[in-house]
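What follows is coords.txt (compact mmCIF, C-alpha atoms and all ligand atoms).
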# COMPACT_ATOMS: atom_id res chain seq x y z
CA MET A 182 5.11 -13.43 -21.07
CA LYS A 183 7.64 -11.14 -19.40
CA ILE A 184 6.03 -8.32 -17.46
CA LEU A 185 7.87 -5.43 -15.87
CA VAL A 186 6.25 -3.90 -12.78
CA ILE A 187 7.23 -0.31 -12.08
CA ASN A 188 6.73 1.79 -8.94
CA ALA A 189 8.06 5.28 -9.67
CA GLY A 190 8.56 7.75 -6.81
CA SER A 191 9.90 11.29 -6.84
CA SER A 192 13.56 10.20 -6.82
CA SER A 193 13.43 6.45 -7.36
CA ILE A 194 12.09 3.77 -9.67
CA LYS A 195 11.51 0.30 -8.20
CA TYR A 196 11.11 -2.62 -10.58
CA GLN A 197 10.34 -6.32 -10.73
CA LEU A 198 10.43 -8.45 -13.84
CA PHE A 199 7.93 -11.33 -13.79
CA GLU A 200 7.53 -14.35 -15.98
CA MET A 201 3.78 -14.88 -16.30
CA PRO A 202 1.60 -16.79 -15.79
CA ARG A 203 4.15 -18.64 -13.62
CA ARG A 204 4.52 -15.52 -11.45
CA SER A 205 8.23 -16.19 -11.05
CA ILE A 206 10.43 -13.17 -10.44
CA LEU A 207 13.37 -12.99 -12.84
CA ALA A 208 14.88 -9.83 -11.34
CA ARG A 209 14.01 -6.97 -9.01
CA GLY A 210 15.66 -3.81 -7.86
CA MET A 211 15.64 -0.04 -7.99
CA VAL A 212 17.36 3.04 -9.21
CA GLU A 213 17.43 5.55 -6.36
CA ARG A 214 18.66 9.12 -5.99
CA ILE A 215 17.50 10.00 -9.49
CA GLY A 216 18.40 13.63 -10.24
CA GLU A 217 21.40 13.66 -7.91
CA PRO A 218 24.94 13.85 -9.30
CA GLN A 219 25.27 10.11 -8.85
CA ALA A 220 22.30 7.75 -8.72
CA ASN A 221 22.42 4.24 -7.32
CA LEU A 222 21.36 0.96 -8.89
CA VAL A 223 20.45 -2.12 -6.84
CA HIS A 224 19.73 -5.13 -9.06
CA LYS A 225 18.89 -8.58 -7.69
CA TYR A 226 18.78 -11.69 -9.86
CA ASN A 227 19.50 -15.42 -9.35
CA ASN A 228 20.26 -14.88 -5.64
CA THR A 229 22.88 -12.30 -6.58
CA GLU A 230 22.88 -8.61 -5.74
CA HIS A 231 24.59 -6.10 -7.96
CA THR A 232 24.97 -2.48 -6.85
CA ALA A 233 26.55 0.33 -8.83
CA GLY A 234 26.73 4.09 -9.09
CA VAL A 235 24.89 5.11 -12.27
CA ASP A 236 24.15 8.23 -14.25
CA ALA A 237 20.42 9.01 -13.94
CA PRO A 238 19.76 12.76 -14.13
CA ASP A 239 16.05 12.12 -14.75
CA HIS A 240 13.45 9.31 -14.84
CA ASP A 241 14.00 8.67 -18.57
CA ALA A 242 17.66 7.98 -17.82
CA GLY A 243 16.69 5.88 -14.77
CA MET A 244 14.40 3.77 -16.95
CA GLN A 245 17.17 3.28 -19.51
CA VAL A 246 19.49 2.10 -16.71
CA ILE A 247 16.89 -0.49 -15.65
CA LEU A 248 16.27 -1.75 -19.18
CA SER A 249 19.93 -1.95 -20.12
CA THR A 250 20.61 -3.80 -16.85
CA LEU A 251 17.80 -6.29 -17.53
CA ALA A 252 19.28 -7.00 -20.99
CA ASP A 253 22.92 -6.86 -19.92
CA ALA A 254 25.08 -9.72 -21.18
CA LYS A 255 26.51 -10.42 -17.69
CA ILE A 256 23.92 -9.49 -15.10
CA GLY A 257 20.81 -9.33 -17.28
CA VAL A 258 17.93 -11.79 -17.40
CA VAL A 259 16.60 -11.23 -20.94
CA SER A 260 18.52 -11.28 -24.20
CA ARG A 261 16.54 -8.48 -25.84
CA ILE A 262 14.60 -5.71 -24.17
CA ASP A 263 11.63 -6.17 -26.50
CA GLU A 264 11.02 -9.55 -24.84
CA ILE A 265 9.22 -7.42 -22.25
CA GLN A 266 5.69 -7.36 -23.64
CA ALA A 267 3.93 -5.40 -20.95
CA VAL A 268 4.62 -2.94 -18.15
CA GLY A 269 2.38 -2.56 -15.08
CA HIS A 270 2.60 0.74 -13.24
CA ARG A 271 1.61 1.40 -9.67
CA VAL A 272 -0.41 4.63 -9.63
CA VAL A 273 -1.58 6.03 -6.32
CA HIS A 274 -4.71 7.99 -7.24
CA GLY A 275 -7.33 7.06 -9.79
CA GLY A 276 -10.06 9.33 -8.39
CA GLU A 277 -13.63 8.06 -8.71
CA GLU A 278 -13.03 7.06 -12.30
CA PHE A 279 -10.86 3.94 -12.21
CA THR A 280 -12.53 0.95 -10.59
CA GLY A 281 -9.80 -1.46 -11.76
CA SER A 282 -6.56 -1.64 -13.67
CA VAL A 283 -6.57 -0.28 -17.23
CA VAL A 284 -4.46 -0.15 -20.38
CA ILE A 285 -2.90 3.30 -20.54
CA ASN A 286 -3.95 5.63 -23.35
CA GLU A 287 -4.03 9.42 -23.72
CA HIS A 288 -7.25 9.68 -21.73
CA VAL A 289 -5.78 7.66 -18.84
CA LEU A 290 -2.68 9.87 -18.84
CA GLU A 291 -4.86 12.98 -18.68
CA SER A 292 -6.87 11.55 -15.79
CA ILE A 293 -3.77 10.61 -13.78
CA GLN A 294 -2.59 14.18 -14.33
CA ARG A 295 -5.95 15.55 -13.17
CA TYR A 296 -5.93 13.45 -9.96
CA ALA A 297 -2.46 14.79 -9.14
CA ASP A 298 -4.45 17.53 -7.43
CA LEU A 299 -5.53 14.87 -4.88
CA ALA A 300 -2.13 13.11 -4.65
CA PRO A 301 0.47 15.79 -5.37
CA LEU A 302 3.38 13.78 -3.97
CA HIS A 303 2.61 10.57 -5.83
CA ASN A 304 0.74 10.93 -9.12
CA PRO A 305 3.29 13.27 -10.79
CA PRO A 306 6.25 10.87 -10.32
CA ASN A 307 3.99 7.91 -11.26
CA LEU A 308 3.17 9.75 -14.47
CA ILE A 309 6.83 10.51 -15.19
CA GLY A 310 7.58 6.79 -14.74
CA ILE A 311 4.81 5.85 -17.18
CA ARG A 312 6.03 8.30 -19.81
CA ALA A 313 9.60 7.07 -19.41
CA ALA A 314 8.46 3.45 -19.88
CA MET A 315 6.33 4.38 -22.91
CA HIS A 316 9.33 6.12 -24.38
CA ALA A 317 11.72 3.23 -23.71
CA LEU A 318 9.31 0.39 -24.64
CA PRO A 319 6.98 1.86 -27.26
CA ASP A 320 5.60 -1.52 -28.37
CA ALA A 321 4.80 -2.88 -24.89
CA VAL A 322 1.30 -2.76 -23.40
CA GLN A 323 1.36 -0.25 -20.54
CA ALA A 324 -1.12 -0.76 -17.70
CA ALA A 325 -2.01 1.42 -14.70
CA CYS A 326 -2.97 -0.22 -11.39
CA PHE A 327 -4.45 2.24 -8.91
CA ASP A 328 -4.15 2.17 -5.11
CA THR A 329 -7.64 3.65 -4.92
CA ALA A 330 -9.38 1.27 -7.37
CA PHE A 331 -10.30 -1.49 -4.91
CA HIS A 332 -12.06 1.05 -2.70
CA THR A 333 -14.38 2.39 -5.41
CA SER A 334 -16.94 -0.19 -4.20
CA ILE A 335 -17.31 1.66 -0.86
CA PRO A 336 -20.92 2.90 -0.56
CA LYS A 337 -21.74 6.57 -0.26
CA THR A 338 -22.74 6.17 3.39
CA ALA A 339 -19.14 5.22 4.15
CA TYR A 340 -17.27 7.46 1.72
CA LEU A 341 -19.05 10.76 2.33
CA TYR A 342 -17.96 13.02 5.17
CA GLY A 343 -20.46 14.96 7.24
CA LEU A 344 -19.61 18.16 5.39
CA PRO A 345 -21.93 20.29 3.22
CA TYR A 346 -22.82 18.18 0.19
CA GLU A 347 -21.58 20.93 -2.15
CA ILE A 348 -18.04 20.30 -0.91
CA TYR A 349 -18.26 16.82 -2.37
CA GLU A 350 -19.96 18.03 -5.54
CA THR A 351 -17.52 20.88 -6.13
CA TYR A 352 -14.21 19.46 -4.95
CA ARG A 353 -14.83 15.70 -4.87
CA VAL A 354 -13.87 15.70 -1.19
CA ARG A 355 -14.69 12.15 -0.02
CA ARG A 356 -13.02 9.01 1.29
CA TYR A 357 -10.91 7.38 -1.45
CA GLY A 358 -8.70 5.03 0.56
CA PHE A 359 -5.26 3.70 -0.37
CA HIS A 360 -3.19 0.47 -0.28
CA GLY A 361 -6.04 -0.99 -2.35
CA THR A 362 -3.86 -3.43 -4.28
CA SER A 363 -2.53 -4.82 -1.00
CA HIS A 364 -5.95 -5.13 0.65
CA ARG A 365 -7.38 -6.81 -2.45
CA TYR A 366 -4.46 -9.22 -2.69
CA VAL A 367 -4.49 -10.36 0.96
CA ALA A 368 -8.30 -10.58 1.07
CA GLY A 369 -8.13 -12.83 -2.00
CA ARG A 370 -5.44 -15.01 -0.40
CA CYS A 371 -7.52 -15.15 2.78
CA ALA A 372 -10.54 -16.53 0.89
CA ALA A 373 -8.24 -19.09 -0.76
CA LEU A 374 -6.84 -20.15 2.63
CA LEU A 375 -10.39 -20.51 3.94
CA ASP A 376 -11.18 -22.57 0.84
CA ALA A 377 -14.15 -20.30 0.28
CA ASP A 378 -15.45 -18.17 -2.54
CA LYS A 379 -14.45 -14.56 -1.84
CA THR A 380 -18.10 -13.48 -2.21
CA GLN A 381 -18.90 -15.54 0.90
CA VAL A 382 -16.24 -14.11 3.20
CA ASN A 383 -16.19 -10.99 5.40
CA VAL A 384 -12.67 -10.01 6.37
CA ILE A 385 -10.87 -7.10 7.99
CA THR A 386 -7.47 -6.55 6.40
CA CYS A 387 -4.87 -4.68 8.46
CA HIS A 388 -2.02 -3.29 6.33
CA LEU A 389 0.47 -2.16 8.96
CA GLY A 390 3.69 -0.75 7.55
CA ASN A 391 5.08 2.78 7.69
CA GLY A 392 1.69 3.81 6.42
CA CYS A 393 -1.15 1.84 7.98
CA SER A 394 -4.69 1.24 6.79
CA MET A 395 -7.55 -1.08 7.66
CA THR A 396 -10.23 -2.26 5.24
CA ALA A 397 -13.59 -3.96 5.73
CA VAL A 398 -13.88 -6.41 2.82
CA LYS A 399 -17.39 -7.80 2.60
CA GLY A 400 -17.98 -10.55 0.05
CA GLY A 401 -14.78 -9.64 -1.80
CA LYS A 402 -15.56 -5.92 -1.99
CA SER A 403 -14.12 -3.05 0.01
CA VAL A 404 -17.02 -1.52 1.95
CA ASP A 405 -15.01 0.80 4.19
CA THR A 406 -11.40 1.76 4.72
CA SER A 407 -9.58 3.85 7.29
CA MET A 408 -7.60 6.20 5.01
CA GLY A 409 -9.67 9.01 3.56
CA LEU A 410 -9.28 11.87 1.10
CA THR A 411 -5.57 11.43 1.78
CA PRO A 412 -3.55 8.76 3.60
CA LEU A 413 -3.59 10.88 6.77
CA GLU A 414 -6.87 9.57 8.18
CA GLY A 415 -7.32 6.38 10.16
CA VAL A 416 -5.07 4.55 12.57
CA VAL A 417 -1.89 6.01 14.08
CA MET A 418 1.06 5.50 11.70
CA GLY A 419 4.84 5.97 11.68
CA THR A 420 4.70 9.74 11.33
CA ARG A 421 1.01 10.42 10.58
CA CYS A 422 -1.48 11.22 13.31
CA GLY A 423 -4.48 9.31 11.90
CA ASP A 424 -7.94 10.33 13.15
CA ILE A 425 -8.03 13.60 15.10
CA ASP A 426 -10.70 16.13 15.94
CA PRO A 427 -10.45 18.58 13.00
CA ALA A 428 -11.05 21.43 15.44
CA ILE A 429 -7.55 20.80 16.82
CA LEU A 430 -6.26 22.39 13.61
CA PHE A 431 -8.42 25.52 14.02
CA TYR A 432 -7.34 25.75 17.64
CA LEU A 433 -3.66 25.54 16.69
CA ALA A 434 -4.18 27.97 13.80
CA ASP A 435 -5.46 30.47 16.38
CA LYS A 436 -2.26 29.85 18.33
CA GLY A 437 -0.21 30.90 15.27
CA TYR A 438 0.50 27.70 13.32
CA ASN A 439 0.13 28.13 9.57
CA VAL A 440 -1.23 25.57 7.10
CA LYS A 441 2.21 24.40 6.03
CA GLN A 442 3.30 23.80 9.61
CA LEU A 443 0.10 21.97 10.49
CA ASN A 444 0.43 19.81 7.39
CA ALA A 445 4.02 18.91 8.27
CA MET A 446 3.04 18.26 11.90
CA CYS A 447 0.21 15.88 11.04
CA ASN A 448 1.99 14.03 8.23
CA LYS A 449 5.63 13.99 9.27
CA GLN A 450 5.98 14.71 12.97
CA SER A 451 3.08 12.80 14.53
CA GLY A 452 2.14 9.16 14.99
CA LEU A 453 4.68 6.81 16.57
CA LEU A 454 7.42 9.42 16.09
CA GLY A 455 5.47 12.27 17.62
CA ILE A 456 4.12 10.36 20.60
CA SER A 457 7.37 8.56 21.47
CA GLY A 458 9.61 11.52 20.66
CA ILE A 459 12.29 9.10 19.45
CA SER A 460 11.39 7.09 16.33
CA ASN A 461 8.82 6.24 13.68
CA ASP A 462 10.32 2.76 13.30
CA MET A 463 8.40 0.12 15.21
CA ARG A 464 11.45 -2.08 15.74
CA ASN A 465 13.26 0.77 17.50
CA LEU A 466 10.23 1.51 19.65
CA LEU A 467 9.84 -2.11 20.74
CA LYS A 468 13.50 -2.21 21.71
CA ARG A 469 13.33 1.06 23.63
CA ALA A 470 10.04 0.14 25.31
CA ALA A 471 11.58 -3.13 26.50
CA GLU A 472 14.38 -1.04 28.03
CA GLY A 473 11.78 0.95 29.95
CA HIS A 474 11.21 3.97 27.71
CA ARG A 475 7.72 5.05 28.78
CA ARG A 476 6.71 7.11 25.77
CA ALA A 477 7.89 4.40 23.40
CA GLN A 478 5.51 2.03 25.21
CA LEU A 479 2.74 4.65 25.14
CA ALA A 480 3.14 5.05 21.36
CA ILE A 481 2.89 1.28 20.92
CA ASP A 482 -0.17 1.08 23.17
CA ILE A 483 -1.97 3.87 21.30
CA PHE A 484 -1.06 2.23 17.97
CA CYS A 485 -2.56 -1.11 19.06
CA TYR A 486 -5.61 0.45 20.72
CA ARG A 487 -6.63 2.32 17.58
CA ILE A 488 -6.37 -0.83 15.47
CA THR A 489 -8.47 -2.81 17.97
CA LYS A 490 -11.06 -0.04 17.83
CA TYR A 491 -11.25 -0.25 14.03
CA ILE A 492 -11.66 -4.03 14.20
CA GLY A 493 -14.68 -3.48 16.44
CA ALA A 494 -16.10 -0.78 14.18
CA TYR A 495 -15.71 -2.80 11.00
CA THR A 496 -17.17 -5.91 12.62
CA ALA A 497 -20.26 -3.87 13.42
CA ALA A 498 -20.25 -2.30 9.93
CA MET A 499 -20.21 -5.70 8.20
CA GLY A 500 -22.58 -7.43 10.61
CA ARG A 501 -20.52 -10.62 10.60
CA LEU A 502 -16.78 -11.18 10.73
CA ASP A 503 -15.10 -14.32 9.38
CA ALA A 504 -11.42 -13.40 9.35
CA VAL A 505 -8.80 -10.81 10.20
CA VAL A 506 -5.61 -10.53 8.14
CA PHE A 507 -2.35 -8.92 9.25
CA THR A 508 0.06 -7.72 6.58
CA GLY A 509 2.77 -5.06 5.97
CA GLY A 510 6.14 -4.79 7.74
CA ILE A 511 4.61 -4.62 11.23
CA GLY A 512 1.61 -6.88 10.59
CA GLU A 513 3.72 -9.63 9.05
CA ASN A 514 6.63 -9.56 11.46
CA ASN A 515 5.49 -8.83 14.98
CA ALA A 516 3.71 -11.45 17.06
CA LEU A 517 3.70 -9.29 20.20
CA LEU A 518 1.73 -6.49 18.55
CA ARG A 519 -0.70 -8.89 16.88
CA GLN A 520 -1.31 -10.41 20.31
CA GLN A 521 -1.84 -7.01 21.90
CA ILE A 522 -4.24 -5.90 19.16
CA CYS A 523 -6.31 -9.07 19.46
CA ALA A 524 -6.18 -9.46 23.26
CA ASP A 525 -9.51 -9.65 25.09
CA GLN A 526 -11.57 -9.90 21.92
CA THR A 527 -13.40 -13.10 22.75
CA GLN A 528 -16.66 -11.13 22.49
CA ILE A 529 -15.97 -10.62 18.78
CA GLY A 530 -14.83 -14.25 18.54
CA ILE A 531 -11.09 -13.73 18.15
CA ALA A 532 -8.59 -15.87 20.03
CA ILE A 533 -4.91 -15.97 19.04
CA ASP A 534 -2.91 -19.18 19.38
CA PRO A 535 0.45 -18.16 20.90
CA THR A 536 2.42 -20.96 19.23
CA ARG A 537 1.00 -20.28 15.77
CA ASN A 538 1.39 -16.55 16.29
CA THR A 539 5.08 -16.73 17.18
CA ALA A 540 6.04 -19.41 14.61
CA ALA A 541 8.58 -18.15 12.07
CA GLU A 542 7.32 -20.31 9.20
CA PRO A 543 5.39 -20.52 7.06
CA LYS A 544 5.12 -16.78 6.47
CA GLU A 545 1.55 -17.15 5.28
CA ARG A 546 -0.34 -18.88 8.08
CA LEU A 547 -3.29 -19.15 10.44
CA ILE A 548 -2.53 -17.71 13.88
CA SER A 549 -5.89 -18.07 15.63
CA SER A 550 -6.70 -20.99 17.90
CA ALA A 551 -8.93 -23.91 16.95
CA ALA A 552 -11.61 -22.44 19.22
CA SER A 553 -11.52 -18.99 17.61
CA ARG A 554 -14.74 -18.34 15.66
CA VAL A 555 -12.98 -15.65 13.64
CA ARG A 556 -9.87 -16.93 11.83
CA VAL A 557 -6.83 -14.72 12.04
CA PHE A 558 -4.10 -14.92 9.39
CA VAL A 559 -0.69 -13.47 8.67
CA ILE A 560 -0.45 -12.99 4.90
CA PRO A 561 2.62 -11.30 3.41
CA THR A 562 1.41 -8.72 0.94
CA ASP A 563 2.61 -8.79 -2.66
CA GLU A 564 1.40 -5.72 -4.50
CA GLU A 565 3.83 -6.31 -7.38
CA ALA A 566 2.47 -9.82 -8.02
CA ALA A 567 -1.06 -8.40 -8.04
CA ILE A 568 -0.02 -5.68 -10.51
CA ALA A 569 1.73 -8.30 -12.68
CA ALA A 570 -1.42 -10.45 -12.68
CA ASP A 571 -3.65 -7.51 -13.68
CA THR A 572 -1.18 -6.43 -16.38
CA PHE A 573 -0.95 -9.97 -17.74
CA GLU A 574 -4.73 -10.16 -18.02
CA LEU A 575 -4.94 -6.78 -19.78
CA ALA A 576 -2.05 -7.62 -22.13
CA GLN A 577 -3.76 -10.85 -23.14
CA GLN A 578 -6.91 -8.90 -23.97
CA VAL A 579 -4.89 -6.49 -26.14
CA ASN A 580 -2.87 -9.22 -27.89
CA PRO A 581 -4.82 -12.48 -27.68
CA SER A 582 -2.45 -15.31 -28.61
P1 LIG B 1 6.30 0.59 3.92
O1 LIG B 1 4.96 1.04 4.39
O2 LIG B 1 7.28 1.71 3.77
O3 LIG B 1 6.26 -0.40 2.77
P2 LIG B 1 6.91 -1.73 5.58
O4 LIG B 1 5.67 -2.43 5.20
O5 LIG B 1 8.20 -2.31 5.17
O6 LIG B 1 6.90 -0.20 5.15
O7 LIG B 1 6.89 -1.57 7.18
C1 LIG B 1 7.85 -0.83 7.85
C2 LIG B 1 7.59 -0.95 9.34
O8 LIG B 1 7.63 -2.34 9.70
C3 LIG B 1 8.61 -0.23 10.20
O9 LIG B 1 7.96 0.46 11.25
C4 LIG B 1 9.43 -1.39 10.76
O10 LIG B 1 9.99 -1.09 12.01
C5 LIG B 1 8.35 -2.44 10.90
N1 LIG B 1 8.91 -3.78 11.10
C6 LIG B 1 9.64 -4.52 10.26
N2 LIG B 1 10.00 -5.70 10.86
C7 LIG B 1 9.48 -5.66 12.11
C8 LIG B 1 9.50 -6.53 13.24
N3 LIG B 1 10.12 -7.71 13.21
N4 LIG B 1 8.83 -6.14 14.36
C9 LIG B 1 8.18 -4.98 14.40
N5 LIG B 1 8.14 -4.11 13.39
C10 LIG B 1 8.78 -4.43 12.26

So, in terms of structure tokens, how does the structure I just supplied come out?
Ligand code: ADP
Amino acid sequence: MKILVINAGSSSIKYQLFEMPRRSILARGMVERIGEPQANLVHKYNNTEHTAGVDAPDHDAGMQVILSTLADAKIGVVSRIDEIQAVGHRVVHGGEEFTGSVVINEHVLESIQRYADLAPLHNPPNLIGIRAAMHALPDAVQAACFDTAFHTSIPKTAYLYGLPYEIYETYRVRRYGFHGTSHRYVAGRCAALLDADKTQVNVITCHLGNGCSMTAVKGGKSVDTSMGLTPLEGVVMGTRCGDIDPAILFYLADKGYNVKQLNAMCNKQSGLLGISGISNDMRNLLKRAAEGHRRAQLAIDIFCYRITKYIGAYTAAMGRLDAVVFTGGIGENNALLRQQICADQTQIGIAIDPTRNTAAEPKERLISSAASRVRVFVIPTDEEAAIAADTFELAQQVNPS
């Protein structure tokens, strides 16, 4: 079965076409700069990359570009577009309602619209992408896979804030968590690498990319995660501040900052960028720190310290820790930072093996030493493969063969 996975943002649509259940990728790419006078197509297939300026004034047009490319006589990978039997959509917010991936119907569309209140930058473009796909492939099964779904198992003790209870009842202000598809995928791979049933394993998954989040996965279920009502909470990220004393905002409001400015400060001007004053990109910071840039080094040190602190907190929260997983652009690619995060943690039972940690291959591997009680892994995340797997399962339920 051919399954198209779609990740629609405000001005781009990313896609991957899978052949299931083999999980092989037939093509991947994106249409970016949708809505601008000229949009851009990047299409990768058979080790070939095709780029072109395209006409995509809106998401419907962007979706048509993708489908006609996939069925193109020269650079396409299917002969007819209706060979695509199902489409899996990444959707950021599923509120408290969606505990897993679902087949999209009118009710699901209404709910995604309703949760746009909680994810105003993400759910609206996700919804536009879904409608465009429904329009272009009316006979395909359309599935929604939510970033929040994996975290719906978090107990109330961990998801409620210490605010008046009515704030939760009235506004549904609580911890939702994000990157759920990634945390679920790497926790599942971790159990497989340990040759254990996932219900028997307690793991801390560290998704460290531009956005960063940590999850305590106890017996296969998310029991706590560092991002909260929004992705702002938790560890220090590229441009987000992570955990701060909320009174800082009142203090700055008294000094004349308005809500818009504070929002921009915390989401776009803080984190690695704000502390270093030079970049939100970890590779740049490592380079500059090695050249002696003090604030670049300080940003890196704060970044690592916060992650170490969360590992300690989640170990205590779960009572027993079996494994730690590093994933995301930073987690997968930087041995130095993994070493710094895990240094001096023999009390918790973590010891990194320098040779395994710095090895280039395989990408998915154990990096802790033989003596380490807690196993530490690098596991490249693959949210699209997880979405394809969920969509395949749902499509089979809809159309049993
Ligand atoms: P996103 O969250 O946007 O998907 P990624 O998961 O691709 O982002 O992560 C992007 C981050 O990963 C950037 O800060 C980038 O500098 C960092 N990164 C990528 N490769 C390396 C590397 N070899 N060493 C350190 N950081 C890296």

Residues within 9 Å of ligand LIG 1 (chain B), counting all atoms listed in the file: report them as an mmCIF file with C-alpha atoms, in the frame of the given file.
data_model
loop_
_atom_site.group_PDB
_atom_site.id
_atom_site.type_symbol
_atom_site.label_atom_id
_atom_site.label_comp_id
_atom_site.auth_asym_id
_atom_site.auth_seq_id
_atom_site.Cartn_x
_atom_site.Cartn_y
_atom_site.Cartn_z
ATOM 1 C CA HIS A 388 -2.020 -3.290 6.330
ATOM 2 C CA LEU A 389 0.470 -2.160 8.960
ATOM 3 C CA GLY A 390 3.690 -0.750 7.550
ATOM 4 C CA ASN A 391 5.080 2.780 7.690
ATOM 5 C CA GLY A 392 1.690 3.810 6.420
ATOM 6 C CA CYS A 393 -1.150 1.840 7.980
ATOM 7 C CA MET A 418 1.060 5.500 11.700
ATOM 8 C CA GLY A 419 4.840 5.970 11.680
ATOM 9 C CA LEU A 453 4.680 6.810 16.570
ATOM 10 C CA ASN A 461 8.820 6.240 13.680
ATOM 11 C CA ASP A 462 10.320 2.760 13.300
ATOM 12 C CA MET A 463 8.400 0.120 15.210
ATOM 13 C CA ARG A 464 11.450 -2.080 15.740
ATOM 14 C CA ASN A 465 13.260 0.770 17.500
ATOM 15 C CA LEU A 466 10.230 1.510 19.650
ATOM 16 C CA LEU A 467 9.840 -2.110 20.740
ATOM 17 C CA THR A 508 0.060 -7.720 6.580
ATOM 18 C CA GLY A 509 2.770 -5.060 5.970
ATOM 19 C CA GLY A 510 6.140 -4.790 7.740
ATOM 20 C CA ILE A 511 4.610 -4.620 11.230
ATOM 21 C CA GLY A 512 1.610 -6.880 10.590
ATOM 22 C CA GLU A 513 3.720 -9.630 9.050
ATOM 23 C CA ASN A 514 6.630 -9.560 11.460
ATOM 24 C CA ASN A 515 5.490 -8.830 14.980
ATOM 25 C CA ALA A 516 3.710 -11.450 17.060
ATOM 26 C CA LEU A 517 3.700 -9.290 20.200
ATOM 27 C CA LEU A 518 1.730 -6.490 18.550
ATOM 28 C CA THR A 562 1.410 -8.720 0.940
#

What box, with edges along x, y and z, holds each listed atom of segment 239-250 of chain A when 6 Å is added on every side, and can you state its centre and edge lengths in Å to one decimal, as AutoDock Vina command-line options?
--center_x 17.0 --center_y 4.2 --center_z -17.4 --size_x 19.2 --size_y 27.9 --size_z 17.4

Skip Arg271 of chain A itself and residues of its chain fewer than 4 positions away, then list as a JSON list (two decimals) with C-alpha atoms, keeping the file's coordinate frame all residues within 9 Å of it, counting all atoms listed in the file.
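Just written: result-v3.json:
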[["chain", "number", "residue", "atom", "x", "y", "z"],
["A", 186, "VAL", "CA", 6.25, -3.90, -12.78],
["A", 187, "ILE", "CA", 7.23, -0.31, -12.08],
["A", 188, "ASN", "CA", 6.73, 1.79, -8.94],
["A", 189, "ALA", "CA", 8.06, 5.28, -9.67],
["A", 307, "ASN", "CA", 3.99, 7.91, -11.26],
["A", 324, "ALA", "CA", -1.12, -0.76, -17.70],
["A", 325, "ALA", "CA", -2.01, 1.42, -14.70],
["A", 326, "CYS", "CA", -2.97, -0.22, -11.39],
["A", 327, "PHE", "CA", -4.45, 2.24, -8.91],
["A", 328, "ASP", "CA", -4.15, 2.17, -5.11],
["A", 564, "GLU", "CA", 1.40, -5.72, -4.50],
["A", 565, "GLU", "CA", 3.83, -6.31, -7.38],
["A", 568, "ILE", "CA", -0.02, -5.68, -10.51]]

Hey, could you make a per-residue contact list for segment 488-545 of chain A against segment 420-426 of chain A with 12 Å as the cut-off, showing the nearest pair of atoms and its distance in Å to one decimal, counting all atoms listed in the file, sorted by chain and number, as a Markdown table?
| residue | atom | partner | partner_atom | distance |
| --- | --- | --- | --- | --- |
| A:Ile488 | CA | A:Gly423 | CA | 10.9 |
| A:Lys490 | CA | A:Asp424 | CA | 11.8 |
| A:Tyr491 | CA | A:Asp424 | CA | 11.1 |

TODO: Find the spatial neighbours of Arg204 of chain A, counting only C-alpha atoms, within a cut-off of 7 Å - ignore same-chain residues fewer than 4 positions away - and output them as number ranges by chain.
DONE: A: 199-200, 566
